[in-house]
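Some notes on the structure that comes next.
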Amino acid sequence: MFFNSIEFAIFLPIVFFLYWSAGKKSLKLQNILLLTASYFFYSFWDWRFLFLLAFSTFLDYFTGLKIFNATSRNKEKIWLFISVFINLGFLGFFKYYNFFIESFAELLQSFGLKPHFSSLNVILPVGISFYTFHGLSYVFDIYNKKIKPTTNWVNYTLFVSFFPLLVAGPIERATHLLPQVEKPRKFDYTKAVDGLKQILWGLFKKIVIADSCAEYANIIFNNSDSYSGSTLILGALLFAFQIYGDFSGYSDIALGSARLLGFELLKNFSFPYFSRDIAEFWRRWHISLSSWFRDYLYIPLGGSHGGIYMKMRNTLIIFLVSGFWHGANWTFLVWGLLNAVYIMPSIIFKTNRTHLDIVAQGKLFPSVKEAIQIFITFSLTTFAWIFFRANDLHHAFSYISGIFSKNLLSVPFLTHPELKKSVICIFLIIFFLMIEWTGRSNKYAIERMWLTSHKLIRWAFYYAIIISILLSYGKKHEFIYFQF
Amino acid sequence: MKYFINKIILFSLFPFLLLALSFFIADGTTDEFYVRFTTPEQKSMIVGTSRAAQGIQPSIIDSILNKNKQTSALFNYSFTVAHSPYGPAYYESIKRKLDKSSKDGKFIIAVDPWSLSLKKEKLNDENIFPENDMAVGKTRHVNCYPNFEYLIHSYSSPLLMIWMTKTLSALHMDGKERLYLHKDGWLEVSVSMDSAEVQKRIERKINDYKTNEVPYFHLSPVRYEYLRKTIELFRNHGDVFLVRLPVHANFKDLEDRISPRFDSLMTSLAKENNIAYLSFINDSTKYRFTDGNHLYKESGRILSKKIGEYILSCCLN
């Protein structure tokens with residue numbers, strides 16, 4: 001079930017109504033209902049993988065208790081190892097088995113050998129990277145004595161499989177979400193309205209921005225050999241907005257849906273395309289994953305202790321692992337590596353925490369310096385997205401060489417009839433950026449927009465968004481991050 | 001909570017009504033497929049690809065047969081070569097559309113090499129036939145009005161476009177090529193028949209097929225088997241006629257490259273099943289085509305009349 005499907009539009013109100021009705025009776029009933037709804041939600045893709053989800057949940061619940069009750073640190077380590085080994089084993093098998101087999105075979109072939117490895121037709125269970133990380137964070141936190149394990153099986157299972165975050169995050173922490181699961185929740189009108197607004201904005205980002213951009217980004221990337229340099233730049237630009245609209249739109253719908261049910265999830269995006277340097281970008285893009293890697297990989301590796309060399313090494317590892325987390329393809333590794341290269345100067349010169357505030361706060365426009373910084377950061381990011389989107393490394397490099405070797409001055413909309421309508425996307429992006437810029441100090445762009453205006457104006461604004469969604473809702477594109 | 005729900009209901013009323021009404025105003029202007037999934041089960045059918053969808057007009061055949069009290073109304077259940085080549089998806093869809101109580105129905109099965117072909121690498125695996133994931137393969141309910149399933153899962157435009165296409169059609173502002181899907185399943189295409197424009201379209205179509213289709217397509221034994229099953233299915237419910245529609249001479253040459261002995265293949269299939277086979281493939285000069293592949297509606301009328309007369313003669317003998 002996709003967040004942008006009719007099925008979800010029916011599912012969510014039913015869950016909402018039953019959930020708050022059950023809330024009057026007991027918290028336990030409410031949680032059981034949410035858990036059932038979450039498993040139903042997940043079964044829409046493939047019910048067989050419910051067993052994998054249930055097993056992964058049970059494994060972390062069980063090892064969490066074992067770690068907590070272990071009589072020595074060594075025993076704790078053994079249970080932690082079991083959890084990590086099995087969790088990453090499943091993830092590795094479903095996500096990376098074919099990649100390793102094929103890469104190894106290619107390597108042997110380059111030495112003139114003819115290996116006979118057969119790749120498997122493995123179906124990637126939706127959300128496996130996300131729920132594996134949920135579970136691991138729980139086990140790590142118990143091991144690090146940050147939390148005590150829960151003894152309530154329903155509560156823990158709900159923490160792992162809560163439907164708004166189950167398939168594409170945000171990657172929650174037990175320290176943040178579990179207490180919310182355990183405490184009674186009261187219906188709050190303001191929060192519920194806020195949740196609906198965030199869902200609406202998420203749908204706009206996904207359906208109007210991302211899906212419109214996807215149509216032309218796909219045409220350009222799939223036929224990159226036949227397009228001019230300027231068109232290839234347009235393709236990269238459209239993909240940059242496709243992936244942002246797609247993933248941050250998904251996160252908005254997740255956060256909004258959770259808020260409707262009385263939960264606050266971790267913020268996942270914070271206007272990343274207005275970042276003034278790459279370090280700021282990574283504090284604002286897929287925040288729950290970046291902070292997960294920071295807490296459970298970067299810091300255990302030594303973090304920023306041990307001098308500049310250690311810091312650089314650890315940062316490189318984080319970005320490579322992050323790239324690999326996204327998928328079993330060399331393109332993701334290069335994308336991670338490229339971002340590591342981008343961020344290194346700020347690590348070396350210790351400027352990676354320069355921009356912690358909101359850009360041009362309280363001002364209508366950024367300063368010239370800020371505008372240049374934003375432009376450079378955005379360009380670097382967009383360049384890296386080429387690797388993220390390309391089918392393979394060869395495709396990525398030929399795409400980039402195409403940008404510089406073919407006519408850079410032609411106007412894509414005029415020279416290619418199939419791209420004529422992509423000019424609409426450019427106007428949509430400009431409009432979208434204006435709204436995002438206006439609301440950049442909020443949780444999401446339209447959080448406070450028209451809040452003090454007359455109800456008629458507010459409703460007209462929301463209706464305009466709804467109409468634009470309905471006018472764009474046709475060719476359905478899956479959420480990109482579902483494949484991770 | 002009550003206040004919240006009331007407010008949401010009030011707020012949602014406008015978009016909800018707009019959407020809900022879209023389902024009810026959808027009609028022949030909506031797209032080339034929708035109406036076919038909204039009619040009841042059928043006793044007499046025409047099946048095939050877009051060639052049959054545009055070229056065979058049920059009302060013309062009905063008028064001939066009805067005069068002689070020979071049949072119940074024919075329904076054109078043909079789609080396109082991408083959506084309805086013979087195969088598991090189309091076969092299942094036809095079964096759903098067919099009225100099982102039909103005893104003396106008339107069934108026209110339009111055939112051509114494309115509807116029995118596949119790209120080489122997929123020759124025998126029916127599980128990965130491309131049409132399985134398209135409207136004909138995906139739509140389980142083919143006899144209901146309004147058809148929510150089709151409009152939600154297979155309609156390729158935003159739902160609000162239903163309003164737009166209907167309005168534009170009513171104002172005659174729907175562009176150079178106007179499509180209207182009649183309730184009997186015939187797809188009426190109104191397009192300029194200026195000879196220069198027609199020539200351009202024919203050249204474009206033939207070039208496209210020459211480069212993108214002919215080198216890759218081959219007759220598929222699986223598709224052939226499904227054609228045989230379709231004949232068998234219809235034979236249990238009435239008289240079956242295998243028909244090959246005419247195309248532009250240059251288009252026929254392309255078809256001969258895929259299957260040079262297609263006519264004899266069909267003749268023996270017809271003999272084997274004791275049904276008639278009518279081939280109009282060598283009558284190119286007698287008809288006009290919009291693009292070389294599809295009959296112009298005036299020519300479609302003439303051809304439909306011929307088919308009707310042939311069926312009538314069979315019935316009377």
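Numbering starts fresh at 1 for the residues of each chain in the structure tokens, the chains themselves are lettered A, B, ... in the order given, and ligands are numbered from 1 as they appear.
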Legend entry - Counting only C-alpha atoms, chain B residues within 9 Å of chain A, as a ChimeraX atom specification: /B:1,3-4,11,14-15,19,152,155-161
Mind running segment 69-106 of chain B against segment 217-228 of chain B at 8 Å and telling me each contacting residue's nearest atom pair with the distance in Å (one decimal), counting only C-alpha atoms, chain and number ascending, as a Markdown table?
```
| residue | atom | partner | partner_atom | distance |
| --- | --- | --- | --- | --- |
| B:Pro85 | CA | B:Arg223 | CA | 7.6 |
| B:Tyr86 | CA | B:Arg223 | CA | 5.2 |
| B:Gly87 | CA | B:Arg223 | CA | 5.1 |
| B:Pro88 | CA | B:Tyr226 | CA | 6.9 |
| B:Tyr91 | CA | B:Tyr226 | CA | 7.0 |
```
Legend entry - All residues 12 Å or closer to Val334 of chain A, only C-alpha atoms, same chain fewer than 4 positions away omitted, as a PyMOL selection string: chain A and resi 316+319-324+326-330+338-341+383-390+392-394+396-397
Inset, instruction - With a distance cut-off of 10 Å and only C-alpha atoms, select the neighbouring residues of Phe140 of chain A, excluding the residue or stretch itself and same-chain residues fewer than 2 positions from it, and output the selection as number ranges by chain. - result: A: 60, 64, 67, 80, 83-84, 135-138, 142-147, 174, 295-296
Inset, instruction - Select, from B:Ile109, B:Val47, B:Val243, B:Ala73, the residue with the minimum atom-to-atom distance to Leu278 of chain B, counting only C-alpha atoms. - result: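 Ranking B:Ile109, B:Val47, B:Val243, B:Ala73 by distance to Leu278 of chain B, first place goes to B:Val243.
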Inset, instruction - Would you mind listing what lies within 7 Å of segment 303-311 of chain B as a PyMOL selection string, with only C-alpha atoms counted and same-chain residues fewer than 5 positions away left out? - result: chain B and resi 56-57+60-61+64-65
Legend entry - segment 246-248 of chain A surroundings by only C-alpha atoms, 9 Å radius, close-in-sequence under 2 positions cut, as a list in words: Ala168, Gly202, Lys205, Lys206, Ile207, Ile209, Ala210, Asp211, Phe241, Gln242, Ile243, Tyr244, Tyr250, Ser251, Asp252, Ile253, Asn268, Phe269, Ser270, Trp285, His286, Glu478, Phe479, Ile480 and Tyr481 of chain A
Inset, instruction - Could you give me, as a list in words, the residues within 8 Å of Thr382 of chain A, counting only C-alpha atoms and dropping anything in the same chain fewer than 6 positions from it? - result: Ala236, Leu237 and Ala240 of chain A
Inset, instruction - Kindly indicate which residue among B:Ser169, B:Ser84, B:Ser154, B:Ser22 lies nearest to Pro130 of chain B, using only C-alpha atoms for the distances. - result: B:Ser84
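If only C-alpha atoms are the atoms counted, then among B:Leu187, B:Ile231, B:Val214, B:Ala26 the closest residue to Ser259 of chain B is B:Val214.
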Going by DSSP on the backbone, which residues of segment 135-208 of chain A come out as helix (DSSP H, G or I)? List them as an mmCIF file with N, CA, C and O atoms, in the first residue's frame.
```cif
data_model
loop_
_atom_site.group_PDB
_atom_site.id
_atom_site.type_symbol
_atom_site.label_atom_id
_atom_site.label_comp_id
_atom_site.auth_asym_id
_atom_site.auth_seq_id
_atom_site.Cartn_x
_atom_site.Cartn_y
_atom_site.Cartn_z
ATOM 1 N N GLY A 135 15.419 -2.073 14.764
ATOM 2 C CA GLY A 135 15.701 -3.123 15.738
ATOM 3 C C GLY A 135 17.111 -3.023 16.282
ATOM 4 O O GLY A 135 17.341 -3.154 17.492
ATOM 5 N N LEU A 136 18.071 -2.776 15.386
ATOM 6 C CA LEU A 136 19.465 -2.692 15.827
ATOM 7 C C LEU A 136 19.678 -1.537 16.808
ATOM 8 O O LEU A 136 20.415 -1.673 17.787
ATOM 9 N N SER A 137 19.014 -0.411 16.544
ATOM 10 C CA SER A 137 19.197 0.746 17.443
ATOM 11 C C SER A 137 18.712 0.391 18.851
ATOM 12 O O SER A 137 19.304 0.793 19.845
ATOM 13 N N TYR A 138 17.641 -0.401 18.896
ATOM 14 C CA TYR A 138 17.092 -0.824 20.197
ATOM 15 C C TYR A 138 18.116 -1.683 20.951
ATOM 16 O O TYR A 138 18.415 -1.447 22.126
ATOM 17 N N VAL A 139 18.687 -2.658 20.237
ATOM 18 C CA VAL A 139 19.653 -3.564 20.858
ATOM 19 C C VAL A 139 20.916 -2.784 21.265
ATOM 20 O O VAL A 139 21.447 -2.977 22.372
ATOM 21 N N PHE A 140 21.385 -1.903 20.413
ATOM 22 C CA PHE A 140 22.576 -1.089 20.732
ATOM 23 C C PHE A 140 22.329 -0.239 21.977
ATOM 24 O O PHE A 140 23.198 -0.106 22.834
ATOM 25 N N ASP A 141 21.131 0.360 22.040
ATOM 26 C CA ASP A 141 20.835 1.237 23.180
ATOM 27 C C ASP A 141 20.777 0.464 24.497
ATOM 28 O O ASP A 141 21.161 0.983 25.543
ATOM 29 N N ILE A 142 20.292 -0.764 24.414
ATOM 30 C CA ILE A 142 20.282 -1.594 25.634
ATOM 31 C C ILE A 142 21.721 -1.942 26.017
ATOM 32 O O ILE A 142 22.126 -1.837 27.178
ATOM 33 N N TYR A 143 22.494 -2.318 25.001
ATOM 34 C CA TYR A 143 23.896 -2.678 25.249
ATOM 35 C C TYR A 143 24.671 -1.484 25.839
ATOM 36 O O TYR A 143 25.499 -1.644 26.730
ATOM 37 N N TRP A 153 5.621 -7.293 24.721
ATOM 38 C CA TRP A 153 5.850 -7.746 23.354
ATOM 39 C C TRP A 153 5.084 -6.880 22.328
ATOM 40 O O TRP A 153 5.613 -6.507 21.289
ATOM 41 N N VAL A 154 3.828 -6.565 22.651
ATOM 42 C CA VAL A 154 3.013 -5.760 21.723
ATOM 43 C C VAL A 154 3.651 -4.390 21.517
ATOM 44 O O VAL A 154 3.792 -3.911 20.388
ATOM 45 N N ASN A 155 4.055 -3.766 22.611
ATOM 46 C CA ASN A 155 4.641 -2.428 22.506
ATOM 47 C C ASN A 155 5.906 -2.438 21.653
ATOM 48 O O ASN A 155 6.120 -1.552 20.813
ATOM 49 N N TYR A 156 6.738 -3.460 21.891
ATOM 50 C CA TYR A 156 7.981 -3.500 21.126
ATOM 51 C C TYR A 156 7.703 -3.740 19.632
ATOM 52 O O TYR A 156 8.271 -3.083 18.753
ATOM 53 N N THR A 157 6.793 -4.676 19.366
ATOM 54 C CA THR A 157 6.472 -4.990 17.966
ATOM 55 C C THR A 157 5.900 -3.757 17.271
ATOM 56 O O THR A 157 6.205 -3.492 16.111
ATOM 57 N N LEU A 158 5.085 -3.016 18.001
ATOM 58 C CA LEU A 158 4.525 -1.797 17.418
ATOM 59 C C LEU A 158 5.627 -0.771 17.144
ATOM 60 O O LEU A 158 5.615 -0.105 16.105
ATOM 61 N N PHE A 159 6.587 -0.679 18.041
ATOM 62 C CA PHE A 159 7.706 0.254 17.833
ATOM 63 C C PHE A 159 8.436 -0.053 16.518
ATOM 64 O O PHE A 159 8.774 0.833 15.747
ATOM 65 N N VAL A 160 8.624 -1.346 16.234
ATOM 66 C CA VAL A 160 9.353 -1.733 15.016
ATOM 67 C C VAL A 160 8.481 -1.581 13.775
ATOM 68 O O VAL A 160 8.954 -1.145 12.723
ATOM 69 N N SER A 161 7.192 -1.916 13.914
ATOM 70 C CA SER A 161 6.393 -2.036 12.692
ATOM 71 C C SER A 161 5.301 -0.969 12.556
ATOM 72 O O SER A 161 4.406 -1.140 11.728
ATOM 73 N N PHE A 163 3.064 1.503 11.180
ATOM 74 C CA PHE A 163 2.958 1.585 9.723
ATOM 75 C C PHE A 163 3.464 2.885 9.080
ATOM 76 O O PHE A 163 4.023 2.836 7.987
ATOM 77 N N PRO A 164 3.326 4.056 9.729
ATOM 78 C CA PRO A 164 3.837 5.237 9.019
ATOM 79 C C PRO A 164 5.340 5.176 8.727
ATOM 80 O O PRO A 164 5.804 5.760 7.753
ATOM 81 N N LEU A 165 6.108 4.477 9.577
ATOM 82 C CA LEU A 165 7.558 4.481 9.367
ATOM 83 C C LEU A 165 8.105 3.138 8.916
ATOM 84 O O LEU A 165 9.307 2.979 8.710
ATOM 85 N N LEU A 166 7.213 2.177 8.724
ATOM 86 C CA LEU A 166 7.667 0.808 8.513
ATOM 87 C C LEU A 166 8.490 0.606 7.246
ATOM 88 O O LEU A 166 9.499 -0.088 7.252
ATOM 89 N N ALA A 174 14.491 3.743 19.885
ATOM 90 C CA ALA A 174 13.657 3.260 20.990
ATOM 91 C C ALA A 174 13.538 4.338 22.066
ATOM 92 O O ALA A 174 12.489 4.484 22.691
ATOM 93 N N THR A 175 14.600 5.101 22.252
ATOM 94 C CA THR A 175 14.578 6.142 23.296
ATOM 95 C C THR A 175 13.524 7.210 22.988
ATOM 96 O O THR A 175 13.015 7.863 23.883
ATOM 97 N N HIS A 176 13.203 7.359 21.725
ATOM 98 C CA HIS A 176 12.259 8.405 21.316
ATOM 99 C C HIS A 176 10.834 7.882 21.139
ATOM 100 O O HIS A 176 9.872 8.480 21.628
ATOM 101 N N LEU A 177 10.719 6.746 20.458
ATOM 102 C CA LEU A 177 9.375 6.279 20.105
ATOM 103 C C LEU A 177 8.754 5.345 21.151
ATOM 104 O O LEU A 177 7.549 5.419 21.408
ATOM 105 N N LEU A 178 9.574 4.494 21.728
ATOM 106 C CA LEU A 178 9.027 3.505 22.663
ATOM 107 C C LEU A 178 8.269 4.153 23.841
ATOM 108 O O LEU A 178 7.163 3.699 24.184
ATOM 109 N N PRO A 179 8.802 5.209 24.455
ATOM 110 C CA PRO A 179 8.025 5.840 25.534
ATOM 111 C C PRO A 179 6.671 6.360 25.061
ATOM 112 O O PRO A 179 5.692 6.323 25.808
ATOM 113 N N GLN A 180 6.606 6.783 23.805
ATOM 114 C CA GLN A 180 5.320 7.258 23.269
ATOM 115 C C GLN A 180 4.340 6.104 23.103
ATOM 116 O O GLN A 180 3.127 6.279 23.263
ATOM 117 N N VAL A 181 4.896 4.932 22.741
ATOM 118 C CA VAL A 181 4.033 3.748 22.581
ATOM 119 C C VAL A 181 3.487 3.329 23.943
ATOM 120 O O VAL A 181 2.337 2.896 24.061
ATOM 121 N N GLU A 182 4.303 3.505 24.973
ATOM 122 C CA GLU A 182 3.931 3.004 26.304
ATOM 123 C C GLU A 182 2.981 3.932 27.064
ATOM 124 O O GLU A 182 2.292 3.504 27.977
ATOM 125 N N TYR A 189 -6.686 18.308 18.972
ATOM 126 C CA TYR A 189 -7.226 18.886 17.736
ATOM 127 C C TYR A 189 -6.129 19.569 16.915
ATOM 128 O O TYR A 189 -5.998 19.340 15.712
ATOM 129 N N THR A 190 -5.331 20.399 17.588
ATOM 130 C CA THR A 190 -4.301 21.163 16.868
ATOM 131 C C THR A 190 -3.292 20.230 16.208
ATOM 132 O O THR A 190 -2.901 20.437 15.059
ATOM 133 N N LYS A 191 -2.897 19.209 16.944
ATOM 134 C CA LYS A 191 -1.937 18.253 16.382
ATOM 135 C C LYS A 191 -2.530 17.503 15.198
ATOM 136 O O LYS A 191 -1.843 17.238 14.204
ATOM 137 N N ALA A 192 -3.787 17.143 15.332
ATOM 138 C CA ALA A 192 -4.430 16.383 14.249
ATOM 139 C C ALA A 192 -4.505 17.235 12.974
ATOM 140 O O ALA A 192 -4.209 16.752 11.875
ATOM 141 N N VAL A 193 -4.890 18.502 13.135
ATOM 142 C CA VAL A 193 -4.960 19.396 11.961
ATOM 143 C C VAL A 193 -3.556 19.563 11.367
ATOM 144 O O VAL A 193 -3.370 19.531 10.146
ATOM 145 N N ASP A 194 -2.593 19.720 12.262
ATOM 146 C CA ASP A 194 -1.206 19.866 11.826
ATOM 147 C C ASP A 194 -0.757 18.622 11.037
ATOM 148 O O ASP A 194 -0.098 18.733 9.995
ATOM 149 N N GLY A 195 -1.141 17.463 11.534
ATOM 150 C CA GLY A 195 -0.807 16.205 10.854
ATOM 151 C C GLY A 195 -1.404 16.161 9.457
ATOM 152 O O GLY A 195 -0.732 15.789 8.490
ATOM 153 N N LEU A 196 -2.662 16.575 9.362
ATOM 154 C CA LEU A 196 -3.320 16.560 8.051
ATOM 155 C C LEU A 196 -2.635 17.508 7.078
ATOM 156 O O LEU A 196 -2.458 17.196 5.893
ATOM 157 N N LYS A 197 -2.237 18.676 7.600
ATOM 158 C CA LYS A 197 -1.559 19.656 6.735
ATOM 159 C C LYS A 197 -0.235 19.091 6.230
ATOM 160 O O LYS A 197 0.145 19.289 5.074
ATOM 161 N N GLN A 198 0.468 18.396 7.112
ATOM 162 C CA GLN A 198 1.755 17.835 6.693
ATOM 163 C C GLN A 198 1.548 16.708 5.671
ATOM 164 O O GLN A 198 2.332 16.576 4.727
ATOM 165 N N ILE A 199 0.485 15.940 5.851
ATOM 166 C CA ILE A 199 0.172 14.897 4.857
ATOM 167 C C ILE A 199 -0.106 15.559 3.503
ATOM 168 O O ILE A 199 0.393 15.130 2.462
ATOM 169 N N LEU A 200 -0.898 16.617 3.544
ATOM 170 C CA LEU A 200 -1.256 17.322 2.309
ATOM 171 C C LEU A 200 -0.006 17.837 1.592
ATOM 172 O O LEU A 200 0.149 17.671 0.381
ATOM 173 N N TRP A 201 0.888 18.425 2.360
ATOM 174 C CA TRP A 201 2.116 18.967 1.765
ATOM 175 C C TRP A 201 3.007 17.830 1.244
ATOM 176 O O TRP A 201 3.636 17.952 0.196
ATOM 177 N N GLY A 202 3.012 16.731 1.957
ATOM 178 C CA GLY A 202 3.784 15.564 1.505
ATOM 179 C C GLY A 202 3.236 15.026 0.194
ATOM 180 O O GLY A 202 3.996 14.689 -0.719
ATOM 181 N N LEU A 203 1.910 14.973 0.087
ATOM 182 C CA LEU A 203 1.305 14.491 -1.160
ATOM 183 C C LEU A 203 1.622 15.438 -2.309
ATOM 184 O O LEU A 203 1.871 15.009 -3.436
ATOM 185 N N PHE A 204 1.611 16.727 -2.016
ATOM 186 C CA PHE A 204 1.951 17.715 -3.056
ATOM 187 C C PHE A 204 3.379 17.483 -3.544
ATOM 188 O O PHE A 204 3.649 17.434 -4.744
ATOM 189 N N LYS A 205 4.293 17.316 -2.588
ATOM 190 C CA LYS A 205 5.701 17.104 -2.970
ATOM 191 C C LYS A 205 5.847 15.846 -3.819
ATOM 192 O O LYS A 205 6.589 15.833 -4.793
ATOM 193 N N LYS A 206 5.162 14.786 -3.401
ATOM 194 C CA LYS A 206 5.312 13.514 -4.106
ATOM 195 C C LYS A 206 4.619 13.549 -5.474
ATOM 196 O O LYS A 206 5.229 13.248 -6.501
ATOM 197 N N ILE A 207 3.339 13.914 -5.455
ATOM 198 C CA ILE A 207 2.545 13.752 -6.682
ATOM 199 C C ILE A 207 2.774 14.896 -7.672
ATOM 200 O O ILE A 207 2.917 14.675 -8.870
ATOM 201 N N VAL A 208 2.819 16.102 -7.158
ATOM 202 C CA VAL A 208 2.942 17.237 -8.087
ATOM 203 C C VAL A 208 4.403 17.457 -8.479
ATOM 204 O O VAL A 208 4.721 17.589 -9.658
#
```
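As for atom CA of Thr438 of chain A and atom CA of Ile465 of chain A, they are spaced 16.2 Å apart.
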Legend entry - Point-to-point distance in Å for atom CA of Gly262 of chain A and atom CA of Leu34 of chain A: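 One can read the atom CA of Leu34 of chain A to atom CA of Gly262 of chain A distance as 11.8 Å.
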